[in-house]
Amino acid sequence: MQIGITATDVDRVIEDARTAERLGFDLVGCGEHLFFGSPTPNPFVELAAAAAVTSRVRLVSTVALLPLYPAALVAKMSASLDRVSGGRFELGVGAGGEFPPEFAAAGVDPASRFRRLDEGLRLLRGLFDGGPTTFAGEFASVDGLALDPPPVQPGGPPIWLGGRRSGAMRRAGRYADVWMPYMVDPAAMRRTLTEVREHAVAAGRPETSVTGALFVWAGVDADGDRARRVGTETVSKGYRQDFAGLADRYLALGTPQEVAARFLEFAEAGATRVLVQPACPPQERDAMVEALADAVLPLVRSAVG
């Protein structure tokens with residue numbers, strides 16, 4: 001199981017990426033909003049900066065809002081970032097839509113976001129294959145063009161897709177390398193990954209072509225009650241809703257042994273990667289990342305490798 005950490009502060013991304021690699025994390029993730037109710041990064045810029053100061057960690061956009069871009073531009077930026085990083089980039093994309101003003105700012109009708117996402121994924125797959133691509137869609141046309149230079153990774157950067165609904169699972173089965181469901185417990189991880197793989201087979205792909213990943217808020221402390229209290233308060237504030245009744249189901253909070261056990265439950269459900277968002281106030285983030293690395297990573301790795 002690979003375990004990663006998010007880097008959400010553009011002013012700290014270089015420091016955070018170096019720390020993640022030094023502490024032994026496998027992944028650095030970065031999400032995206034064009035505009036939102038809180039400070040938000042651009043994953044292509046942040047991960048390019050992270051690529052320049054690391055040599056081992058994988059770099060994942062979790063997730064870029066594909067409908068806000070011309071898909072060919074995302075293909076070009078992804079190929080460039082893959083080369084800058086020496087083949088370490090993984091492209092997570094999503095539809096967005098929870099903040100309509102950013103769609104208005106980009107001149108994109110939110111109602112078109114799923115059509116744009118589906119079309120964009122088809123075009124990305126064609127361009128990532130490396131040869132000349134001809135494509136005629138509702139939003140873009142490509143006439144015999146190829147990415148030059150192409151991505152380092154054959155077939156392009158792995159594509160991550162997430163969600164919870166049936167449409168997202170069908171889309172992931174058709175296009176994704178990694179399925180990352182949103183706010184799930186281990187039972188839902190197992191169920192949705194199984195359904196995604198069924199859709200992959202229906203689309204003519206091997207069942208094993210899609211692996212599972214977990215995005216989770218996690219907080220660890222020798223005092224497990226404190227970790228649960230602080231983590232629940234942090235996530236409740238971030239989502240502007242009370243997570244007191246949801247924390248045990250959707251978050252990973254507690255002592256190192258409890259958090260590691262939670263990760264292992266997801267591993268048994270099919271997750272091969274965990275991307276952690278530290279569930280703590282900003283001023284405690286560095287200590288939390290150190291605690292996760294020192295106390296949780298060894299427990300998980302001793303159990304599953």
# chains A, B, ... in the order shown; residues from 1 in each chain; ligands from 1
call {"tool": "residues_around", "arguments": {"residues": "Ala20 (chain A)", "least_positions_apart": "3", "cutoff": "9 Å", "atoms": "only C-alpha atoms", "output": "list of chain:residue names"}}
result
A:Gly4, A:Ile5, A:Glu15, A:Asp16, A:Ala17, A:Leu23, A:Gly24, A:Phe25, A:Asp26, A:Leu27, A:Val28, A:Val57, A:Val289, A:Ala293
call {"tool": "write_last_selection", "arguments": {"atoms": "C-alpha atoms", "output": "mmCIF file, in the first residue's frame"}}
result
data_model
loop_
_atom_site.group_PDB
_atom_site.id
_atom_site.type_symbol
_atom_site.label_atom_id
_atom_site.label_comp_id
_atom_site.auth_asym_id
_atom_site.auth_seq_id
_atom_site.Cartn_x
_atom_site.Cartn_y
_atom_site.Cartn_z
ATOM 1 C CA GLY A 4 0.675 9.943 0.436
ATOM 2 C CA ILE A 5 0.050 13.371 1.869
ATOM 3 C CA GLU A 15 8.795 22.606 1.802
ATOM 4 C CA ASP A 16 5.871 20.165 2.046
ATOM 5 C CA ALA A 17 7.023 18.106 -0.944
ATOM 6 C CA LEU A 23 9.638 11.178 5.733
ATOM 7 C CA GLY A 24 9.014 8.261 3.401
ATOM 8 C CA PHE A 25 5.602 9.046 1.939
ATOM 9 C CA ASP A 26 4.922 7.602 -1.512
ATOM 10 C CA LEU A 27 2.647 10.275 -2.957
ATOM 11 C CA VAL A 28 2.100 14.021 -2.893
ATOM 12 C CA VAL A 57 7.418 10.538 -4.683
ATOM 13 C CA VAL A 289 2.644 14.787 9.216
ATOM 14 C CA ALA A 293 5.164 9.114 9.126
#
call {"tool": "select_by_dssp", "arguments": {"residues": "region 110-201 of chain A", "states": "alpha helix (DSSP H)", "output": "ChimeraX atom specification"}}
result
/A:113-128,166-175,186-201
call {"tool": "select_by_dssp", "arguments": {"residues": "region 18-221 of chain A", "states": "strand (DSSP E)", "output": "PyMOL selection string"}}
result
chain A and resi 27-30+58-65+89-94+133-136+141-145+159-163+178-181+211-220
call {"tool": "atom_distance", "arguments": {"atom1": "CA of Ala136 (chain A)", "atom2": "CA of Gly167 (chain A)"}}
result
22.8 Å
call {"tool": "atom_distance", "arguments": {"atom1": "CA of Asp118 (chain A)", "atom2": "CA of Arg58 (chain A)"}}
result
25.2 Å
call {"tool": "residues_around", "arguments": {"residues": "Thr40 (chain A)", "least_positions_apart": "5", "cutoff": "12 Å", "atoms": "only C-alpha atoms", "output": "PyMOL selection string"}}
result
chain A and resi 7-11+30-35+45-46+63-64+102
call {"tool": "write_last_selection", "arguments": {"atoms": "N, CA and C atoms", "output": "mmCIF file, in the first residue's frame"}}
result
data_model
loop_
_atom_site.group_PDB
_atom_site.id
_atom_site.type_symbol
_atom_site.label_atom_id
_atom_site.label_comp_id
_atom_site.auth_asym_id
_atom_site.auth_seq_id
_atom_site.Cartn_x
_atom_site.Cartn_y
_atom_site.Cartn_z
ATOM 1 N N ALA A 7 -0.648 18.441 -0.383
ATOM 2 C CA ALA A 7 0.063 19.717 -0.291
ATOM 3 C C ALA A 7 -0.890 20.782 -0.808
ATOM 4 N N THR A 8 -1.547 21.486 0.090
ATOM 5 C CA THR A 8 -2.631 22.376 -0.305
ATOM 6 C C THR A 8 -2.299 23.856 -0.185
ATOM 7 N N ASP A 9 -1.130 24.177 0.306
ATOM 8 C CA ASP A 9 -0.746 25.578 0.507
ATOM 9 C C ASP A 9 0.336 25.934 -0.510
ATOM 10 N N VAL A 10 -0.002 26.804 -1.463
ATOM 11 C CA VAL A 10 0.932 27.135 -2.530
ATOM 12 C C VAL A 10 2.207 27.778 -1.978
ATOM 13 N N ASP A 11 2.104 28.440 -0.847
ATOM 14 C CA ASP A 11 3.278 29.090 -0.272
ATOM 15 C C ASP A 11 4.228 28.104 0.405
ATOM 16 N N CYS A 30 -2.411 17.105 -4.794
ATOM 17 C CA CYS A 30 -2.827 18.506 -4.803
ATOM 18 C C CYS A 30 -4.149 18.624 -5.543
ATOM 19 N N GLY A 31 -5.142 19.232 -4.915
ATOM 20 C CA GLY A 31 -6.444 19.414 -5.538
ATOM 21 C C GLY A 31 -6.543 20.740 -6.260
ATOM 22 N N GLU A 32 -7.788 21.127 -6.596
ATOM 23 C CA GLU A 32 -7.948 22.338 -7.394
ATOM 24 C C GLU A 32 -9.334 22.946 -7.239
ATOM 25 N N HIS A 33 -9.361 24.262 -7.223
ATOM 26 C CA HIS A 33 -10.524 25.079 -7.570
ATOM 27 C C HIS A 33 -9.983 26.350 -8.197
ATOM 28 N N LEU A 34 -10.709 26.875 -9.162
ATOM 29 C CA LEU A 34 -10.343 28.161 -9.748
ATOM 30 C C LEU A 34 -10.671 29.278 -8.762
ATOM 31 N N PHE A 35 -11.876 29.227 -8.228
ATOM 32 C CA PHE A 35 -12.300 30.090 -7.129
ATOM 33 C C PHE A 35 -13.066 29.215 -6.162
ATOM 34 N N VAL A 45 0.675 23.722 -11.466
ATOM 35 C CA VAL A 45 1.756 24.604 -11.020
ATOM 36 C C VAL A 45 2.406 24.047 -9.758
ATOM 37 N N GLU A 46 1.580 23.670 -8.768
ATOM 38 C CA GLU A 46 2.140 23.182 -7.505
ATOM 39 C C GLU A 46 2.951 21.903 -7.708
ATOM 40 N N VAL A 63 -8.399 16.663 -7.148
ATOM 41 C CA VAL A 63 -8.406 16.404 -8.570
ATOM 42 C C VAL A 63 -8.419 17.735 -9.316
ATOM 43 N N ALA A 64 -7.944 17.705 -10.582
ATOM 44 C CA ALA A 64 -8.074 18.848 -11.469
ATOM 45 C C ALA A 64 -9.479 18.843 -12.068
ATOM 46 N N GLU A 102 -17.090 29.554 -10.205
ATOM 47 C CA GLU A 102 -15.833 29.313 -10.915
ATOM 48 C C GLU A 102 -16.093 28.863 -12.350
#
call {"tool": "residues_around", "arguments": {"residues": "Ala244 (chain A)", "least_positions_apart": "3", "cutoff": "12 Å", "atoms": "only C-alpha atoms", "output": "compact mmCIF listing (two decimals) with N, CA, C and O atoms, in the first residue's frame"}}
result
# COMPACT_ATOMS: atom_id res chain seq x y z
N ARG A 228 -9.56 12.38 17.81
CA ARG A 228 -10.92 12.34 17.30
C ARG A 228 -11.61 13.69 17.46
O ARG A 228 -12.33 14.14 16.55
N ARG A 229 -11.39 14.35 18.58
CA ARG A 229 -12.02 15.64 18.81
C ARG A 229 -11.49 16.70 17.85
O ARG A 229 -12.27 17.39 17.18
N VAL A 230 -10.16 16.80 17.76
CA VAL A 230 -9.56 17.82 16.89
C VAL A 230 -9.86 17.52 15.42
O VAL A 230 -10.19 18.43 14.65
N GLY A 231 -9.77 16.27 15.05
CA GLY A 231 -10.03 15.92 13.65
C GLY A 231 -11.46 16.19 13.25
O GLY A 231 -11.73 16.73 12.16
N THR A 232 -12.39 15.84 14.11
CA THR A 232 -13.81 16.07 13.80
C THR A 232 -14.10 17.57 13.70
O THR A 232 -14.82 18.02 12.79
N GLU A 233 -13.53 18.35 14.62
CA GLU A 233 -13.73 19.80 14.56
C GLU A 233 -13.15 20.40 13.28
O GLU A 233 -13.76 21.27 12.65
N THR A 234 -11.97 19.91 12.87
CA THR A 234 -11.32 20.43 11.67
C THR A 234 -12.14 20.13 10.43
O THR A 234 -12.36 21.01 9.57
N VAL A 235 -12.60 18.90 10.29
CA VAL A 235 -13.36 18.53 9.10
C VAL A 235 -14.74 19.20 9.11
O VAL A 235 -15.23 19.64 8.06
N SER A 236 -15.36 19.32 10.27
CA SER A 236 -16.65 20.01 10.35
C SER A 236 -16.52 21.45 9.88
O SER A 236 -17.38 21.97 9.14
N LYS A 237 -15.45 22.11 10.29
CA LYS A 237 -15.21 23.48 9.86
C LYS A 237 -14.95 23.56 8.37
O LYS A 237 -15.48 24.43 7.67
N GLN A 241 -20.27 21.57 8.03
CA GLN A 241 -21.34 20.72 8.53
C GLN A 241 -20.80 19.91 9.70
O GLN A 241 -19.59 19.73 9.83
N ALA A 247 -17.79 10.88 11.68
CA ALA A 247 -16.34 10.72 11.81
C ALA A 247 -15.92 9.26 11.84
O ALA A 247 -14.95 8.86 11.16
N ASP A 248 -16.58 8.45 12.63
CA ASP A 248 -16.17 7.05 12.74
C ASP A 248 -16.31 6.31 11.42
O ASP A 248 -15.57 5.35 11.16
N ARG A 249 -17.25 6.74 10.60
CA ARG A 249 -17.48 6.05 9.34
C ARG A 249 -16.53 6.51 8.23
O ARG A 249 -16.04 5.69 7.45
N TYR A 250 -16.29 7.82 8.15
CA TYR A 250 -15.60 8.35 6.98
C TYR A 250 -14.19 8.87 7.23
O TYR A 250 -13.45 9.12 6.28
N LEU A 251 -13.79 9.07 8.48
CA LEU A 251 -12.48 9.63 8.78
C LEU A 251 -11.60 8.56 9.42
O LEU A 251 -12.07 7.49 9.79
N LEU A 253 -9.25 8.58 12.53
CA LEU A 253 -8.83 9.37 13.68
C LEU A 253 -8.57 8.47 14.87
O LEU A 253 -9.31 7.51 15.11
call {"tool": "closest_residue", "arguments": {"among": "A:Ala260, A:Pro282, A:Leu68, A:Ala287", "to": "Val300 (chain A)", "atoms": "only C-alpha atoms"}}
result
A:Ala260
call {"tool": "closest_residue", "arguments": {"among": "A:Glu258, A:Met183, A:Arg191, A:Ala75", "to": "Asp223 (chain A)", "atoms": "only C-alpha atoms"}}
result
A:Glu258
call {"tool": "residues_around", "arguments": {"residues": "Ser209 (chain A)", "least_positions_apart": "2", "cutoff": "10 Å", "atoms": "only C-alpha atoms", "output": "PDB file with C-alpha atoms, in the first residue's frame"}}
result
ATOM      1  CA  GLY A 173     -14.615   1.659 -15.634  1.00  0.00           C
ATOM      2  CA  ARG A 174     -14.293   3.042 -19.138  1.00  0.00           C
ATOM      3  CA  TYR A 175     -11.386   5.455 -18.669  1.00  0.00           C
ATOM      4  CA  ALA A 176      -9.679   5.254 -15.261  1.00  0.00           C
ATOM      5  CA  ASP A 177      -6.563   3.522 -14.028  1.00  0.00           C
ATOM      6  CA  VAL A 178      -7.404   4.416 -10.420  1.00  0.00           C
ATOM      7  CA  ARG A 197     -14.283  -3.246 -12.530  1.00  0.00           C
ATOM      8  CA  ALA A 200     -14.236  -1.977 -17.157  1.00  0.00           C
ATOM      9  CA  VAL A 201     -14.874  -5.525 -18.361  1.00  0.00           C
ATOM     10  CA  ARG A 205     -10.767  -3.740 -20.487  1.00  0.00           C
ATOM     11  CA  PRO A 206      -9.220  -6.242 -18.048  1.00  0.00           C
ATOM     12  CA  GLU A 207     -10.810  -6.285 -14.608  1.00  0.00           C
ATOM     13  CA  THR A 211      -7.084  -0.191  -8.869  1.00  0.00           C
TER      14      THR A 211
END
call {"tool": "residues_around", "arguments": {"residues": "Arg165 (chain A)", "least_positions_apart": "4", "cutoff": "12 Å", "atoms": "only C-alpha atoms", "output": "VMD selection string"}}
result
chain A and resid 161 169 to 172 181 to 184 188 191 to 192 195 to 196
call {"tool": "closest_residue", "arguments": {"among": "A:Arg164, A:Lys76, A:Arg115, A:Arg88", "to": "Ala146 (chain A)", "atoms": "only C-alpha atoms"}}
result
A:Lys76
call {"tool": "residues_around", "arguments": {"residues": "region 263-272 of chain A", "least_positions_apart": "6", "cutoff": "7 Å", "atoms": "only C-alpha atoms", "output": "ChimeraX atom specification"}}
result
/A:1-2,186-187,189-190,211-214,300
call {"tool": "atom_distance", "arguments": {"atom1": "CA of Ala79 (chain A)", "atom2": "CA of Ala168 (chain A)"}}
result
24.6 Å
call {"tool": "closest_atom_pairs", "arguments": {"of": "region 145-203 of chain A", "to": "region 124-134 of chain A", "cutoff": "6 Å", "atoms": "only C-alpha atoms", "output": "tab-separated table"}}
result
residue	atom	partner	partner_atom	distance
A:Leu145	CA	A:Pro132	CA	4.7
A:Ala146	CA	A:Pro132	CA	4.4
A:Gly155	CA	A:Asp129	CA	4.8
A:Gly156	CA	A:Phe128	CA	4.6
call {"tool": "decode", "arguments": {"residues": "region 224-239 of chain A", "atoms": "all heavy atoms", "output": "PDB file, in the first residue's frame"}}
result
ATOM      1  N   GLY A 224      -5.938   9.181  21.753  1.00  0.00           N
ATOM      2  CA  GLY A 224      -6.873   8.962  20.666  1.00  0.00           C
ATOM      3  C   GLY A 224      -8.107   9.834  20.743  1.00  0.00           C
ATOM      4  O   GLY A 224      -8.634  10.278  19.709  1.00  0.00           O
ATOM      5  N   ASP A 225      -8.591  10.118  21.945  1.00  0.00           N
ATOM      6  CA  ASP A 225      -9.766  10.975  22.095  1.00  0.00           C
ATOM      7  C   ASP A 225      -9.487  12.384  21.585  1.00  0.00           C
ATOM      8  O   ASP A 225     -10.354  13.014  20.962  1.00  0.00           O
ATOM      9  CB  ASP A 225     -10.211  11.017  23.555  1.00  0.00           C
ATOM     10  CG  ASP A 225     -10.825   9.711  24.021  1.00  0.00           C
ATOM     11  OD1 ASP A 225     -11.295   8.933  23.159  1.00  0.00           O
ATOM     12  OD2 ASP A 225     -10.826   9.449  25.241  1.00  0.00           O
ATOM     13  N   ARG A 226      -8.275  12.880  21.860  1.00  0.00           N
ATOM     14  CA  ARG A 226      -7.930  14.205  21.356  1.00  0.00           C
ATOM     15  C   ARG A 226      -7.874  14.200  19.831  1.00  0.00           C
ATOM     16  O   ARG A 226      -8.363  15.134  19.184  1.00  0.00           O
ATOM     17  CB  ARG A 226      -6.592  14.673  21.912  1.00  0.00           C
ATOM     18  CG  ARG A 226      -6.217  16.074  21.428  1.00  0.00           C
ATOM     19  CD  ARG A 226      -4.866  16.554  21.929  1.00  0.00           C
ATOM     20  NE  ARG A 226      -4.640  17.938  21.528  1.00  0.00           N
ATOM     21  CZ  ARG A 226      -4.192  18.302  20.326  1.00  0.00           C
ATOM     22  NH1 ARG A 226      -3.927  17.374  19.402  1.00  0.00           N
ATOM     23  NH2 ARG A 226      -4.027  19.595  20.043  1.00  0.00           N
ATOM     24  N   ALA A 227      -7.290  13.168  19.243  1.00  0.00           N
ATOM     25  CA  ALA A 227      -7.232  13.084  17.790  1.00  0.00           C
ATOM     26  C   ALA A 227      -8.632  13.096  17.184  1.00  0.00           C
ATOM     27  O   ALA A 227      -8.891  13.762  16.173  1.00  0.00           O
ATOM     28  CB  ALA A 227      -6.488  11.816  17.366  1.00  0.00           C
ATOM     29  N   ARG A 228      -9.555  12.376  17.814  1.00  0.00           N
ATOM     30  CA  ARG A 228     -10.922  12.342  17.302  1.00  0.00           C
ATOM     31  C   ARG A 228     -11.615  13.692  17.459  1.00  0.00           C
ATOM     32  O   ARG A 228     -12.326  14.143  16.550  1.00  0.00           O
ATOM     33  CB  ARG A 228     -11.713  11.235  18.013  1.00  0.00           C
ATOM     34  CG  ARG A 228     -11.396   9.837  17.483  1.00  0.00           C
ATOM     35  CD  ARG A 228     -12.226   8.769  18.149  1.00  0.00           C
ATOM     36  NE  ARG A 228     -11.705   8.435  19.476  1.00  0.00           N
ATOM     37  CZ  ARG A 228     -10.751   7.534  19.696  1.00  0.00           C
ATOM     38  NH1 ARG A 228     -10.208   6.880  18.679  1.00  0.00           N
ATOM     39  NH2 ARG A 228     -10.337   7.274  20.928  1.00  0.00           N
ATOM     40  N   ARG A 229     -11.385  14.349  18.585  1.00  0.00           N
ATOM     41  CA  ARG A 229     -12.018  15.639  18.812  1.00  0.00           C
ATOM     42  C   ARG A 229     -11.491  16.697  17.849  1.00  0.00           C
ATOM     43  O   ARG A 229     -12.267  17.395  17.179  1.00  0.00           O
ATOM     44  CB  ARG A 229     -11.788  16.090  20.260  1.00  0.00           C
ATOM     45  CG  ARG A 229     -12.500  17.406  20.602  1.00  0.00           C
ATOM     46  CD  ARG A 229     -12.238  17.839  22.032  1.00  0.00           C
ATOM     47  NE  ARG A 229     -10.853  18.272  22.247  1.00  0.00           N
ATOM     48  CZ  ARG A 229      -9.916  17.558  22.873  1.00  0.00           C
ATOM     49  NH1 ARG A 229     -10.201  16.368  23.339  1.00  0.00           N
ATOM     50  NH2 ARG A 229      -8.699  18.041  23.027  1.00  0.00           N
ATOM     51  N   VAL A 230     -10.158  16.800  17.758  1.00  0.00           N
ATOM     52  CA  VAL A 230      -9.557  17.820  16.891  1.00  0.00           C
ATOM     53  C   VAL A 230      -9.858  17.522  15.423  1.00  0.00           C
ATOM     54  O   VAL A 230     -10.192  18.428  14.648  1.00  0.00           O
ATOM     55  CB  VAL A 230      -8.032  17.883  17.133  1.00  0.00           C
ATOM     56  CG1 VAL A 230      -7.354  18.770  16.090  1.00  0.00           C
ATOM     57  CG2 VAL A 230      -7.733  18.388  18.539  1.00  0.00           C
ATOM     58  N   GLY A 231      -9.767  16.274  15.045  1.00  0.00           N
ATOM     59  CA  GLY A 231     -10.033  15.919  13.654  1.00  0.00           C
ATOM     60  C   GLY A 231     -11.459  16.187  13.252  1.00  0.00           C
ATOM     61  O   GLY A 231     -11.727  16.726  12.163  1.00  0.00           O
ATOM     62  N   THR A 232     -12.393  15.842  14.106  1.00  0.00           N
ATOM     63  CA  THR A 232     -13.806  16.074  13.798  1.00  0.00           C
ATOM     64  C   THR A 232     -14.103  17.566  13.704  1.00  0.00           C
ATOM     65  O   THR A 232     -14.821  18.017  12.794  1.00  0.00           O
ATOM     66  CB  THR A 232     -14.696  15.420  14.864  1.00  0.00           C
ATOM     67  OG1 THR A 232     -14.431  14.007  14.902  1.00  0.00           O
ATOM     68  CG2 THR A 232     -16.168  15.630  14.542  1.00  0.00           C
ATOM     69  N   GLU A 233     -13.528  18.351  14.617  1.00  0.00           N
ATOM     70  CA  GLU A 233     -13.729  19.800  14.565  1.00  0.00           C
ATOM     71  C   GLU A 233     -13.147  20.397  13.277  1.00  0.00           C
ATOM     72  O   GLU A 233     -13.757  21.268  12.647  1.00  0.00           O
ATOM     73  CB  GLU A 233     -13.083  20.459  15.782  1.00  0.00           C
ATOM     74  CG  GLU A 233     -13.796  20.155  17.099  1.00  0.00           C
ATOM     75  CD  GLU A 233     -13.016  20.669  18.297  1.00  0.00           C
ATOM     76  OE1 GLU A 233     -11.874  21.162  18.107  1.00  0.00           O
ATOM     77  OE2 GLU A 233     -13.545  20.576  19.432  1.00  0.00           O
ATOM     78  N   THR A 234     -11.974  19.908  12.871  1.00  0.00           N
ATOM     79  CA  THR A 234     -11.322  20.432  11.666  1.00  0.00           C
ATOM     80  C   THR A 234     -12.142  20.134  10.426  1.00  0.00           C
ATOM     81  O   THR A 234     -12.357  21.009   9.575  1.00  0.00           O
ATOM     82  CB  THR A 234      -9.917  19.817  11.523  1.00  0.00           C
ATOM     83  OG1 THR A 234      -9.127  20.168  12.657  1.00  0.00           O
ATOM     84  CG2 THR A 234      -9.242  20.307  10.249  1.00  0.00           C
ATOM     85  N   VAL A 235     -12.604  18.903  10.288  1.00  0.00           N
ATOM     86  CA  VAL A 235     -13.365  18.525   9.101  1.00  0.00           C
ATOM     87  C   VAL A 235     -14.739  19.199   9.106  1.00  0.00           C
ATOM     88  O   VAL A 235     -15.226  19.639   8.057  1.00  0.00           O
ATOM     89  CB  VAL A 235     -13.490  16.997   9.011  1.00  0.00           C
ATOM     90  CG1 VAL A 235     -14.324  16.597   7.797  1.00  0.00           C
ATOM     91  CG2 VAL A 235     -12.100  16.360   8.917  1.00  0.00           C
ATOM     92  N   SER A 236     -15.363  19.317  10.266  1.00  0.00           N
ATOM     93  CA  SER A 236     -16.649  20.006  10.353  1.00  0.00           C
ATOM     94  C   SER A 236     -16.516  21.454   9.883  1.00  0.00           C
ATOM     95  O   SER A 236     -17.379  21.967   9.145  1.00  0.00           O
ATOM     96  CB  SER A 236     -17.170  19.971  11.793  1.00  0.00           C
ATOM     97  OG  SER A 236     -17.445  18.655  12.208  1.00  0.00           O
ATOM     98  N   LYS A 237     -15.446  22.105  10.288  1.00  0.00           N
ATOM     99  CA  LYS A 237     -15.212  23.483   9.863  1.00  0.00           C
ATOM    100  C   LYS A 237     -14.955  23.560   8.369  1.00  0.00           C
ATOM    101  O   LYS A 237     -15.479  24.434   7.674  1.00  0.00           O
ATOM    102  CB  LYS A 237     -14.022  24.071  10.631  1.00  0.00           C
ATOM    103  CG  LYS A 237     -13.712  25.512  10.283  1.00  0.00           C
ATOM    104  CD  LYS A 237     -12.543  26.042  11.104  1.00  0.00           C
ATOM    105  CE  LYS A 237     -12.197  27.478  10.736  1.00  0.00           C
ATOM    106  NZ  LYS A 237     -11.041  27.991  11.525  1.00  0.00           N
ATOM    107  N   GLY A 238     -14.152  22.609   7.849  1.00  0.00           N
ATOM    108  CA  GLY A 238     -13.820  22.634   6.432  1.00  0.00           C
ATOM    109  C   GLY A 238     -15.018  22.398   5.535  1.00  0.00           C
ATOM    110  O   GLY A 238     -15.150  23.024   4.474  1.00  0.00           O
ATOM    111  N   TYR A 239     -15.905  21.504   5.927  1.00  0.00           N
ATOM    112  CA  TYR A 239     -17.082  21.178   5.115  1.00  0.00           C
ATOM    113  C   TYR A 239     -18.326  21.954   5.533  1.00  0.00           C
ATOM    114  O   TYR A 239     -19.386  21.793   4.926  1.00  0.00           O
ATOM    115  CB  TYR A 239     -17.366  19.675   5.189  1.00  0.00           C
ATOM    116  CG  TYR A 239     -16.431  18.854   4.346  1.00  0.00           C
ATOM    117  CD1 TYR A 239     -15.232  18.380   4.869  1.00  0.00           C
ATOM    118  CD2 TYR A 239     -16.736  18.556   3.023  1.00  0.00           C
ATOM    119  CE1 TYR A 239     -14.358  17.620   4.101  1.00  0.00           C
ATOM    120  CE2 TYR A 239     -15.875  17.805   2.249  1.00  0.00           C
ATOM    121  CZ  TYR A 239     -14.692  17.327   2.792  1.00  0.00           C
ATOM    122  OH  TYR A 239     -13.827  16.586   2.017  1.00  0.00           O
TER     123      TYR A 239
END
